[in-house]
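Quick look at protein-v2.cif (mmCIF, C-alpha atoms (C1' of nucleotides)):
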data_upload
#
loop_
_atom_site.label_atom_id
_atom_site.label_comp_id
_atom_site.auth_asym_id
_atom_site.auth_seq_id
_atom_site.Cartn_x
_atom_site.Cartn_y
_atom_site.Cartn_z
CA MET N 810 29.10 -9.00 76.58
CA ALA N 811 32.71 -7.93 76.61
CA ARG N 812 34.89 -8.89 73.73
CA ARG N 813 36.52 -12.25 74.21
CA TYR N 814 39.53 -13.90 72.66
CA TRP N 815 40.19 -17.24 71.03
CA LEU N 816 43.01 -19.17 69.49
CA LEU N 817 42.18 -21.04 66.29
CA LYS N 818 44.51 -23.71 64.96
CA SER N 819 45.06 -24.38 61.31
CA GLU N 820 47.53 -26.43 59.36
CA PRO N 821 49.02 -23.90 56.96
CA ASP N 822 49.36 -26.52 54.24
CA LEU N 823 45.57 -26.72 54.26
CA PHE N 824 44.58 -23.17 55.17
CA SER N 825 47.11 -20.53 56.17
CA PHE N 826 46.84 -17.00 57.45
CA ASP N 827 47.83 -15.80 53.98
CA ASP N 828 45.04 -17.93 52.53
CA LEU N 829 42.63 -16.03 54.76
CA LYS N 830 44.06 -12.76 53.47
CA ALA N 831 43.46 -13.97 49.91
CA GLU N 832 39.80 -14.82 50.49
CA PRO N 833 37.15 -12.50 49.03
CA GLY N 834 36.56 -9.83 51.61
CA ARG N 835 39.44 -11.37 53.55
CA THR N 836 36.72 -13.42 55.23
CA ALA N 837 36.30 -17.17 55.53
CA HIS N 838 34.06 -19.81 57.08
CA TRP N 839 35.82 -21.55 59.92
CA ASP N 840 34.41 -24.92 58.92
CA GLY N 841 35.46 -28.52 59.39
CA VAL N 842 35.61 -28.55 63.19
CA ARG N 843 34.55 -32.06 64.21
CA ASN N 844 35.25 -32.14 67.92
CA TYR N 845 32.40 -31.68 70.36
CA GLN N 846 34.21 -29.47 72.82
CA ALA N 847 35.34 -27.14 70.05
CA ARG N 848 31.87 -27.34 68.50
CA ASN N 849 30.30 -26.20 71.75
CA LEU N 850 32.56 -23.17 71.83
CA LEU N 851 31.77 -22.26 68.24
CA ARG N 852 28.05 -22.72 68.77
CA ASP N 853 27.67 -21.06 72.15
CA GLU N 854 30.62 -18.91 73.10
CA VAL N 855 32.42 -17.45 70.10
CA LYS N 856 30.71 -14.20 69.14
CA LYS N 857 30.89 -11.53 66.49
CA GLY N 858 33.53 -9.01 67.44
CA ASP N 859 35.70 -11.46 69.36
CA GLY N 860 39.43 -11.48 68.74
CA VAL N 861 41.21 -14.44 67.14
CA LEU N 862 44.82 -15.54 67.34
CA PHE N 863 45.58 -17.43 64.14
CA TYR N 864 47.87 -20.36 64.95
CA HIS N 865 49.76 -22.55 62.52
CA SER N 866 50.04 -26.15 63.69
CA ARG N 867 51.86 -29.17 62.28
CA ILE N 868 54.80 -27.08 61.17
CA SER N 869 58.11 -26.48 62.83
CA PRO N 870 57.95 -24.47 64.89
CA PRO N 871 54.23 -24.01 65.38
CA ALA N 872 53.38 -20.35 65.90
CA VAL N 873 50.77 -17.64 66.24
CA VAL N 874 51.14 -15.64 63.05
CA GLY N 875 48.37 -13.04 63.11
CA THR N 876 45.05 -11.81 64.33
CA ALA N 877 41.54 -12.06 62.96
CA THR N 878 38.09 -10.99 64.03
CA VAL N 879 34.93 -13.04 64.36
CA VAL N 880 32.37 -11.50 62.01
CA ARG N 881 29.52 -13.96 62.43
CA ASP N 882 28.27 -15.94 65.44
CA GLY N 883 28.14 -19.72 65.27
CA TYR N 884 25.81 -21.27 62.68
CA PRO N 885 25.53 -24.72 61.11
CA ASP N 886 28.60 -25.81 59.14
CA HIS N 887 27.20 -26.57 55.68
CA THR N 888 29.97 -29.04 54.87
CA GLN N 889 28.27 -31.60 57.14
CA PHE N 890 25.31 -31.79 54.71
CA ASP N 891 27.30 -32.28 51.51
CA PRO N 892 27.74 -35.98 50.66
CA GLY N 893 30.73 -35.11 48.53
CA ALA N 894 32.50 -33.08 51.17
CA LYS N 895 35.33 -34.35 53.26
CA TYR N 896 33.45 -33.26 56.37
CA PHE N 897 30.12 -34.85 55.45
CA ASP N 898 28.27 -36.31 58.43
CA GLU N 899 25.45 -38.68 57.59
CA LYS N 900 23.99 -38.32 61.06
CA ALA N 901 23.49 -34.59 60.69
CA SER N 902 20.43 -32.96 59.17
CA ALA N 903 19.30 -29.41 58.50
CA GLU N 904 16.77 -29.81 61.34
CA LYS N 905 19.38 -31.26 63.66
CA PRO N 906 22.75 -29.89 62.69
CA ARG N 907 25.60 -31.41 64.57
CA TRP N 908 28.50 -29.13 63.62
CA TYR N 909 28.90 -25.37 63.71
CA MET N 910 31.23 -22.78 62.27
CA VAL N 911 31.87 -19.07 62.57
CA ASP N 912 33.11 -16.58 60.00
CA ILE N 913 36.35 -14.76 60.59
CA LYS N 914 38.02 -11.82 58.92
CA TYR N 915 41.72 -11.26 58.44
CA GLY N 916 43.19 -8.80 60.91
CA LYS N 917 46.90 -8.07 61.20
CA PRO N 918 49.95 -10.23 60.72
CA LEU N 919 52.28 -10.24 63.70
CA LYS N 920 55.54 -8.49 62.93
CA VAL N 921 57.28 -11.51 64.39
CA ALA N 922 55.59 -14.91 64.55
CA VAL N 923 55.23 -15.96 68.18
CA GLU N 924 56.57 -19.48 68.22
CA LEU N 925 55.52 -22.24 70.58
CA PRO N 926 58.87 -22.42 72.42
CA THR N 927 58.70 -18.66 73.00
CA MET N 928 55.22 -18.96 74.43
CA ARG N 929 56.36 -21.74 76.74
CA GLU N 930 58.91 -19.42 78.28
CA ALA N 931 56.96 -16.18 78.26
CA PRO N 932 55.92 -14.80 81.65
CA GLY N 933 52.15 -14.55 81.81
CA LEU N 934 51.38 -17.43 79.49
CA GLU N 935 51.85 -20.25 82.00
CA GLU N 936 48.14 -21.00 82.10
CA MET N 937 47.47 -20.96 78.36
CA VAL N 938 45.29 -23.84 77.22
CA LEU N 939 47.63 -24.30 74.26
CA LEU N 940 50.56 -25.09 76.53
CA ARG N 941 48.83 -27.74 78.57
CA LYS N 942 50.10 -31.24 78.05
CA GLY N 943 48.04 -33.14 75.55
CA SER N 944 45.98 -30.11 74.62
CA ARG N 945 44.54 -30.70 71.16
CA LEU N 946 41.55 -28.40 71.08
CA SER N 947 41.46 -26.51 67.79
CA VAL N 948 39.34 -23.71 69.28
CA GLN N 949 40.63 -22.46 72.59
CA PRO N 950 39.81 -19.59 74.93
CA VAL N 951 42.51 -16.99 75.45
CA THR N 952 42.44 -14.48 78.29
CA ALA N 953 42.70 -10.75 77.70
CA SER N 954 46.13 -10.67 79.30
CA GLU N 955 47.34 -13.61 77.20
CA TRP N 956 46.06 -11.78 74.13
CA GLU N 957 47.98 -8.65 75.08
CA THR N 958 51.12 -10.60 75.88
CA ILE N 959 51.15 -12.42 72.56
CA LEU N 960 50.50 -9.28 70.53
CA HIS N 961 53.33 -7.59 72.40
CA LEU N 962 55.66 -10.52 71.73
CA GLY N 963 54.59 -10.32 68.11
CA GLY N 964 55.58 -6.68 67.85
CA LEU N 965 52.08 -5.20 67.67
"C1'" DG X 731 57.53 -39.99 59.58
"C1'" DC X 732 57.06 -41.28 64.43
"C1'" DC X 733 54.43 -41.72 68.32
"C1'" DA X 734 52.08 -40.04 72.67
"C1'" DA X 735 47.84 -38.23 73.94
"C1'" DC X 736 43.29 -37.84 73.26
"C1'" DG X 737 38.52 -38.76 71.29
"C1'" DT X 738 35.14 -41.91 69.34
"C1'" DT X 739 33.09 -46.30 68.35
"C1'" DG X 740 31.09 -50.54 69.22
"C1'" DG X 741 30.94 -55.29 71.29
"C1'" DC X 742 29.69 -57.17 75.38
"C1'" DG V 1173 28.51 -48.60 81.35
"C1'" DC V 1174 33.09 -50.55 80.53
"C1'" DC V 1175 36.97 -50.69 77.83
"C1'" DA V 1176 39.70 -52.39 73.76
"C1'" DA V 1177 40.40 -51.07 69.24
"C1'" DC V 1178 40.77 -47.71 66.16
"C1'" DG V 1179 41.30 -42.95 64.23
"C1'" DT V 1180 43.11 -38.25 64.64
"C1'" DT V 1181 45.95 -34.50 66.29
"C1'" DG V 1182 50.06 -32.23 66.59
"C1'" DG V 1183 54.83 -31.60 68.54
"C1'" DC V 1184 59.07 -33.21 67.48
#
Would you mind giving the structure from this file in structure tokens?
Amino acid sequence: MARRYWLLKSEPDLFSFDDLKAEPGRTAHWDGVRNYQARNLLRDEVKKGDGVLFYHSRISPPAVVGTATVVRDGYPDHTQFDPGAKYFDEKASAEKPRWYMVDIKYGKPLKVAVELPTMREAPGLEEMVLLRKGSRLSVQPVTASEWETILHLGGL
DNA sequence: GCCAACGTTGGC
DNA sequence: GCCAACGTTGGC
């Protein structure tokens, strides 16, 4: 299977690209996804070795700030089993996990953050899932050419 | 902080 | 199975 590409959204106040850099081994669980469409991608499609665009949402302006690499295929998100966790799900069990996560490793910061308004105007990004009206998916597929375009815009 | 868009829940 | 009410996301 050829390497694929994804865009992962995070609110930097909660978990930023620099926070990923500061993790032991520069690696983190991508946990807390509680949307079925995104869950399906994490469980079935996102694979070790895939490329990740790390996107900061809920800031002004939102922007892709760096790259990461998937280092572990989808597996059950343990936060769903922890009654004390924010992401606890009483309907999930170890036998029937409902939510999945992957592990990602810090890659490279973009030399220039690629901001949402820039992406909206960039040739070649017209079809990006991110730019579709009402698009809220926190895990999104990115094409190889979109990946290249954004890295180029980011000075890599 | 506001609010439009979207997703989920639950009564019927 | 419909759909109103509610909760969340995320750009602005």
For chain X, report every residue with an atom at most 12 Å from chain N (counting all atoms listed in the file), formatted as a ChimeraX atom specification. /X:734-738
Between CA of Tyr884 in chain N and CA of Asp828 in chain N, what distance in Å does the model show, to one decimal? 22.0 Å
Å distance separating CA of Asp853 in chain N from CA of Ile913 in chain N, one decimal place: 15.8 Å
Shortest interatomic distance to Gln846 in chain N - which of N:Ala831, N:Val948, N:Ala953, N:Ala811, counting all atoms listed in the file: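 For Gln846 in chain N, the nearest of the given residues is N:Val948.
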Between CA of Arg835 in chain N and CA of Arg907 in chain N, distance in Å (one decimal):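 Going from CA of Arg835 in chain N over to CA of Arg907 in chain N covers 26.7 Å.
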Spell out the residues picked by the PyMOL selection byres ((chain N and resi 827) around 12) here, as a list in words.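 That expression, the PyMOL selection byres ((chain N and resi 827) around 12), corresponds here to Ser819, Glu820, Pro821, Asp822, Leu823, Phe824, Ser825, Phe826, Asp828, Leu829, Lys830, Ala831, Glu832, Arg835, Thr836, Ala837, Phe863, Tyr864, His865, Val874, Gly875, Thr876, Ala877, Lys914, Tyr915, Gly916, Lys917 and Pro918 of chain N.
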Long-range neighbours of Ser869 in chain N as a VMD selection string, 12 Å cut-off, all atoms listed in the file, 6 positions minimum in chain: (chain N and resid 820 to 821 922 924 to 926) or (chain V and resid 1182 to 1184)
For a quick check of your reading of the model, name the residues lying within 9 Å of the coordinate (33.4, -28.2, 65.6), counting all atoms listed in the file, and write them as a compact mmCIF listing (two decimals) with C-alpha atoms, keeping the file's coordinate frame.
# COMPACT_ATOMS: atom_id res chain seq x y z
CA ASP N 840 34.41 -24.92 58.92
CA GLY N 841 35.46 -28.52 59.39
CA VAL N 842 35.61 -28.55 63.19
CA ARG N 843 34.55 -32.06 64.21
CA ASN N 844 35.25 -32.14 67.92
CA TYR N 845 32.40 -31.68 70.36
CA GLN N 846 34.21 -29.47 72.82
CA ALA N 847 35.34 -27.14 70.05
CA ARG N 848 31.87 -27.34 68.50
CA ASN N 849 30.30 -26.20 71.75
CA LEU N 850 32.56 -23.17 71.83
CA LEU N 851 31.77 -22.26 68.24
CA ARG N 852 28.05 -22.72 68.77
CA ASP N 886 28.60 -25.81 59.14
CA ARG N 907 25.60 -31.41 64.57
CA TRP N 908 28.50 -29.13 63.62
CA TYR N 909 28.90 -25.37 63.71
CA MET N 910 31.23 -22.78 62.27
CA SER N 947 41.46 -26.51 67.79
CA VAL N 948 39.34 -23.71 69.28
Test item: residues at most 9 Å from Leu965 in chain N, all atoms listed in the file, excluding those fewer than 5 positions along its chain, as a list in words: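 Result of the neighbour search: Lys917, Pro918, Leu919, Lys920, Val921, Ile959 and Leu960 of chain N.
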Evaluating the PyMOL selection byres ((chain N and resi 931-935) around 10) on the displayed file yields which residues, as a PyMOL selection string? chain N and resi 925-930+936-941+951-952+954-959+962
Please produce an output containing C-alpha atoms for each residue in the selection, written as a tab-separated table (two decimals), in the frame of the given file.
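Wrote again.tsv, looks like this:
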chain	number	residue	atom	x	y	z
N	925	LEU	CA	55.52	-22.24	70.58
N	926	PRO	CA	58.87	-22.42	72.42
N	927	THR	CA	58.70	-18.66	73.00
N	928	MET	CA	55.22	-18.96	74.43
N	929	ARG	CA	56.36	-21.74	76.74
N	930	GLU	CA	58.91	-19.42	78.28
N	936	GLU	CA	48.14	-21.00	82.10
N	937	MET	CA	47.47	-20.96	78.36
N	938	VAL	CA	45.29	-23.84	77.22
N	939	LEU	CA	47.63	-24.30	74.26
N	940	LEU	CA	50.56	-25.09	76.53
N	941	ARG	CA	48.83	-27.74	78.57
N	951	VAL	CA	42.51	-16.99	75.45
N	952	THR	CA	42.44	-14.48	78.29
N	954	SER	CA	46.13	-10.67	79.30
N	955	GLU	CA	47.34	-13.61	77.20
N	956	TRP	CA	46.06	-11.78	74.13
N	957	GLU	CA	47.98	-8.65	75.08
N	958	THR	CA	51.12	-10.60	75.88
N	959	ILE	CA	51.15	-12.42	72.56
N	962	LEU	CA	55.66	-10.52	71.73
Excluding same-chain residues fewer than 6 positions from Asp882 in chain N, what lies within 7 Å of it counting all atoms listed in the file, as a list in words?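 Contacts, in chain order: Val855, Lys856, Lys857 and Val911 of chain N.
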Would you mind listing what lies within 6 Å of Asp859 in chain N as a list in words, with all atoms listed in the file counted and same-chain residues fewer than 5 positions away left out?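 Once the adjacent positions are removed, what remains is Arg812, Arg813, Tyr814, Thr878 and Val879 of chain N.
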